[in-house]
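Everything on this sheet refers to the single structure shown next.
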Amino acid sequence: MKLMDLTERLGLVSYRNQAKSDIKPHIEVDTDICNSTCPHKCTTYVCPANCYTMDEDGKVHFQVEDCIECGTCMYACDQGAVDWNYPDPEIGRGVTWNFG
Amino acid sequence: MMDEKFDCIIVGAGIAGLSAAMTLAKNNMKFLLIEKGEFAGSKNVSGGVLWGSDLAKLVPNYWEEEDGGWERFINHRRLTFMDDQSTFSIDFKSSHFNDTPYSGVVVLRSKFDRWLAGKVQEEIDNSDYAMESFIATNIKVDEVLMEDNKAVGIRTGDEKFHADSVIISEGVNNLLTRQVGLQDDYVPADHMLTGIKEVIRYDQKVLEDRFQLNGLSGMSNEFVGFATDGVEGGGFLYTNRDTISLGLVAGIKDMREKEKSPHDLLNTFKAHPVIQDTIKGGEVVEYSAHVVSSGDKRVMPKELYKDGVLLCGEAANLLMNAGKAIQGMDYAMRSGILGAETIVKAKERDDFTSNTLKEYKQALEDSYVMKDINSFQDAVHMLHNPTMYQDVPNLICDFGRKFFTIDNEPTKKSRELMSESIKEHSSYWDLIKIGFKGAKSL
């Protein structure tokens with residue numbers, strides 16, 4: 001069985017407000033903390049949806065669009081950079097599982 | 001609906017919330033069950049098997065329904081030790097488990113919770129408050145309203161709903177539990193894991209032939225060792241009607257320290273030669289992930305109640321893997337029932353303070369839920385020890401390879417082979433320690 005990369009996997013996920021451009025992010029990340037004092041930047045590898053990425057200069061960036069609301073980053077970040085919440089059904093982009 | 005005061009508001013229509021709602025409806029209570037997802041179960045992810053027979057108490061003869069929301073009943077259990085090339089399994093299958101009520105059913109939460117919510121609605125319709133109790137979806141609760149340190153309702157956006165009591169069954173990412181002060185604002189990753197899963201579809205006949213399924217019988221298979229590539233945790237495979245649920249749980253702190261990514265771990269697991277053979281030919285239809293707690297009591301909230309509010313299910317981190325099974329949904333179900341029963345008592349006494357609600361904690365302590373969590377803490381600690389998820393699986397597989405190899409050389413006795421494997425992968429001293437702990441903890 002062919003192994004899937006993460007983009008293919010996330011392609012199987014259903015989101016609400018998929019096409020909405022002005023969604024309000026339900027997670028806010030203070031990347032200044034990630035990029036100044038954080039010794040591990042672990043969100044860039046522990047997030048199962050790769051919402052946290054590191055650029056060539058080693059800087060952490062965050063996008064909320066692929067978030068599957070698992071909660072991993074809320075526990076993994078021990079630097080106080082992650083302000084975690086669930087998306088509001090009206091104004092946020094949220095996951096809807098077909099199987100769960 | 002807005003000016004009405006409810007007997008109870010339940011936050012979260014997962015298994016704990018639905019079980020609480022079912023119990024309240026059966027007792028003619030006026031309640032509001034609020035779910036942030038589009039429908040009950042739409043935000044829930046589990047492995048997973050719902051163990052035990054509490055479901056039959058909530059929905060008698062649930063197995064007689066044409067499409068009961070559940071996938072398969074378990075009559076085949078397998079525990080598999082893995083190294084990078086091999087698997088060595090303890091395998092038990094028995095027609096003893098074919099009888100109802102089943103002792104475990106595999107569920108997919110998006111289907112199961114939705115079905116159970118339908119059953120709760122039927123119960124509401126039959127209750128005295130058919131027009132005044134509600135299951136409301138698509139609503140995110142922002143806050144539990146507190147007056148004089150007592151919960152009096154909830155707020156969602158600008159709207160407030162009032163109630164004599166609140167049951168928080170919001171799941172493991174328990175923001176409201178933290179807001180009311182029952183858990184610290186920041187919960188460290190030490191005893192938290194990420195579950196990661198693929199649902200893989202097969203032609204139903206292929207699936208049934210592959211796993212020797214008969215009718216609605218099913219298999220649960222847990223994996224330890226190479227499955228998580230050196231990270232604390234393990235793997236699982238459960239058979240659904242025409243899909244399997246395949247995945248891992250991996251310690252968040254351990255992934256952070258070992259710089260491992262959960263989706264890479266899942267690919268490593270799937271690429272294992274034995275797993276490849278087991279799952280070939282399927283089509284992945286969903287990828288999902290969710291945090292779970294380890295069952296270590298150190299991560300549980302400080303208390304399970306305060307004036308006007310109770311915690312049920314994973315909001316209270318009620319989950320455990322002591323090696324025999326990963327249990328959580330049964331705990332959610334039982335705690336939801338017990339929580340609601342306490343609210344019924346509180347209504348009878350017209351006392352929703354801790355005076356009454358502390359009885360919930362006692363009921364939970366007296367039930368199998370806390371009895372198991374308390375008596376298997378040593379097993380939980382042992383399973384999260386690297387010897388158990390690394391050295392022991394390697395040793396067992398190495399012994400298996402030697403034991404089953406026939407190479408036309410004089411064959412060594414098993415005892416000698418075992419001794420070689422132990423020396424290679426662990427030490428007698430470590431195993432004596434583990435064996436001693438194991439004998440004590442299980």
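Letters for chains follow the order of the structure tokens (A, B, ...), residue numbers begin at 1 for each chain, and ligand numbers begin at 1 in the order shown.
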
9 Å contacts from chain A to chain B using only C-alpha atoms, as a PyMOL selection string: chain A and resi 1-6+9-13+16+40-49+68-78+80+84-90+94-100

Would you pick out the contacts of region 50-52 of chain A at 7 Å or less, using only C-alpha atoms, so that residues sharing its chain but fewer than 6 positions from it are not included, and give the list as a VMD selection string? chain A and resid 43 to 44 60 to 64 66 to 67

Ranking A:His26, A:Pro39, A:Asp57, A:Glu65 by minimum distance to Asp83 (chain A) and counting only C-alpha atoms, which one comes first? A:His26

Write down as a PyMOL selection string the residues belonging to region 290-380 of chain B that are assigned strand (DSSP E or B) by DSSP computed on the backbone. chain B and resi 290-293+305-306+309-311+320-321+326-327

Selection export as a CSV table (one decimal), in the first residue's frame, atoms kept: N, CA, C and O atoms:
chain,number,residue,atom,x,y,z
B,290,HIS,N,-5.9,13.1,17.5
B,290,HIS,CA,-6.5,13.7,18.7
B,290,HIS,C,-5.6,13.4,19.9
B,290,HIS,O,-5.0,12.3,19.9
B,291,VAL,N,-5.6,14.3,20.8
B,291,VAL,CA,-4.8,14.1,22.1
B,291,VAL,C,-5.6,13.1,22.9
B,291,VAL,O,-6.8,13.1,22.9
B,292,VAL,N,-4.9,12.2,23.6
B,292,VAL,CA,-5.5,11.4,24.7
B,292,VAL,C,-4.6,11.5,25.9
B,292,VAL,O,-3.4,11.8,25.8
B,293,SER,N,-5.2,11.2,27.1
B,293,SER,CA,-4.3,11.2,28.3
B,293,SER,C,-3.8,9.7,28.5
B,293,SER,O,-4.4,8.8,27.9
B,305,TYR,N,-15.5,18.0,40.9
B,305,TYR,CA,-16.8,18.8,41.0
B,305,TYR,C,-16.5,20.0,41.8
B,305,TYR,O,-15.4,20.2,42.5
B,306,LYS,N,-17.3,21.0,41.7
B,306,LYS,CA,-17.4,22.1,42.6
B,306,LYS,C,-18.8,22.6,42.6
B,306,LYS,O,-19.7,22.0,41.9
B,309,VAL,N,-21.2,22.2,39.4
B,309,VAL,CA,-20.6,21.7,38.2
B,309,VAL,C,-19.8,20.4,38.4
B,309,VAL,O,-19.3,20.2,39.5
B,310,LEU,N,-20.0,19.5,37.4
B,310,LEU,CA,-19.3,18.2,37.5
B,310,LEU,C,-18.5,18.0,36.2
B,310,LEU,O,-18.8,18.5,35.2
B,311,LEU,N,-17.4,17.2,36.3
B,311,LEU,CA,-16.6,16.8,35.2
B,311,LEU,C,-16.9,15.3,34.8
B,311,LEU,O,-16.7,14.5,35.7
B,320,MET,N,-7.5,4.9,30.4
B,320,MET,CA,-6.4,4.1,30.9
B,320,MET,C,-6.1,3.0,30.0
B,320,MET,O,-6.9,2.4,29.3
B,321,ASN,N,-4.7,2.8,29.9
B,321,ASN,CA,-4.2,1.7,29.2
B,321,ASN,C,-3.3,1.0,30.2
B,321,ASN,O,-2.2,1.4,30.4
B,326,ILE,N,-7.2,-0.5,25.9
B,326,ILE,CA,-7.2,0.9,26.0
B,326,ILE,C,-8.7,1.3,26.3
B,326,ILE,O,-9.6,1.1,25.5
B,327,GLN,N,-8.9,1.7,27.5
B,327,GLN,CA,-10.3,2.0,28.0
B,327,GLN,C,-10.5,3.5,28.1
B,327,GLN,O,-9.6,4.2,28.7

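One distance worth recording is that between CA of Ala25 (chain B) and CA of Glu123 (chain B), which is 5.8 Å.
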
Counting only C-alpha atoms, what is within 9 Å of Arg241 (chain B), bar same-chain residues fewer than 4 positions away, as a list in words?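 Returned residues: Trp70, Glu71, Arg72, Gln204, Leu207, Glu208, Leu216 and Gly218 of chain B.
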
With N, CA and C atoms kept, could you save the residues just selected as a short mmCIF file (atom, residue, chain, number, x, y, z; two decimals), in the first residue's frame?
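The resulting file, again.cif, is shown below:
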data_model
loop_
_atom_site.label_atom_id
_atom_site.label_comp_id
_atom_site.auth_asym_id
_atom_site.auth_seq_id
_atom_site.Cartn_x
_atom_site.Cartn_y
_atom_site.Cartn_z
N TRP B 70 -22.79 1.11 15.65
CA TRP B 70 -21.50 0.49 15.98
C TRP B 70 -21.06 -0.37 14.79
N GLU B 71 -19.81 -0.78 14.80
CA GLU B 71 -19.24 -1.44 13.63
C GLU B 71 -19.22 -2.97 13.76
N ARG B 72 -18.50 -3.45 14.75
CA ARG B 72 -18.37 -4.90 14.95
C ARG B 72 -18.18 -5.20 16.43
N GLN B 204 -15.83 -5.33 1.45
CA GLN B 204 -16.18 -5.96 2.73
C GLN B 204 -15.79 -7.44 2.77
N LEU B 207 -12.13 -7.78 3.45
CA LEU B 207 -11.86 -7.52 4.87
C LEU B 207 -12.24 -8.73 5.73
N GLU B 208 -13.41 -9.30 5.45
CA GLU B 208 -13.88 -10.42 6.26
C GLU B 208 -12.99 -11.65 6.08
N LEU B 216 -20.88 -10.02 12.06
CA LEU B 216 -20.41 -8.74 12.62
C LEU B 216 -19.31 -8.93 13.66
N GLY B 218 -15.52 -9.08 15.13
CA GLY B 218 -14.39 -8.20 14.82
C GLY B 218 -13.17 -8.48 15.68
#

Could you give me the residues within chain A that DSSP places in helix (DSSP H, G or I), as a ChimeraX atom specification? /A:6-10,31-34,43-46,72-76

Residue with smallest distance to Arg298 (chain B) - pool B:Gln183, B:Asn75, B:Asn394, B:Ser414, counting only C-alpha atoms: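 That would be B:Gln183, the residue with the smallest distance to Arg298 (chain B).
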
Show me, as a PyMOL selection string, the residues that have an atom within 8 Å of region 221-235 of chain B when counting only C-alpha atoms, minus same-chain residues fewer than 5 positions from it. chain B and resi 77-84+193+246-251+254-255+258+265-266+268-269+384-386+388-394

Best match for closeness to Lys57 (chain B) among B:His381, B:Met333, B:Ser217, B:Gly435, counting only C-alpha atoms: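 Smallest distance to Lys57 (chain B) is found for B:Met333.
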
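Candidate residues A:Pro25, A:Ser36, A:Tyr15, A:Glu8 were compared for distance to Ile91 (chain A), and the nearest is A:Pro25, using only C-alpha atoms.
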
Which residue gives the smallest distance to Lys297 (chain B) among B:Val105, B:Val152, B:Met370, B:Ala315, with only C-alpha atoms counted?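 The answer is B:Met370, which sits nearest to Lys297 (chain B).
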
Mind giving me the straight-line distance from CA of Asp378 (chain B) to CA of Arg178 (chain B) in Å, one decimal?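 Computing it gives 27.1 Å between the two atoms.
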
Please list as a JSON list (two decimals) with N, CA, C and O atoms, in the first residue's frame every residue within 8 Å of Glu359 (chain B), counting only C-alpha atoms and excluding residues in the same chain fewer than 4 positions away.
[["chain", "number", "residue", "atom", "x", "y", "z"],
["B", 342, "THR", "N", -26.32, 11.93, 39.89],
["B", 342, "THR", "CA", -26.06, 12.85, 41.00],
["B", 342, "THR", "C", -26.87, 14.14, 40.82],
["B", 342, "THR", "O", -27.41, 14.69, 41.79],
["B", 355, "ASN", "N", -22.20, 19.83, 48.50],
["B", 355, "ASN", "CA", -22.80, 18.91, 49.47],
["B", 355, "ASN", "C", -23.39, 17.68, 48.78],
["B", 355, "ASN", "O", -23.20, 16.55, 49.24],
["B", 363, "ALA", "N", -19.44, 7.99, 44.03],
["B", 363, "ALA", "CA", -20.02, 6.96, 43.14],
["B", 363, "ALA", "C", -18.98, 6.49, 42.13],
["B", 363, "ALA", "O", -18.88, 5.31, 41.81]]
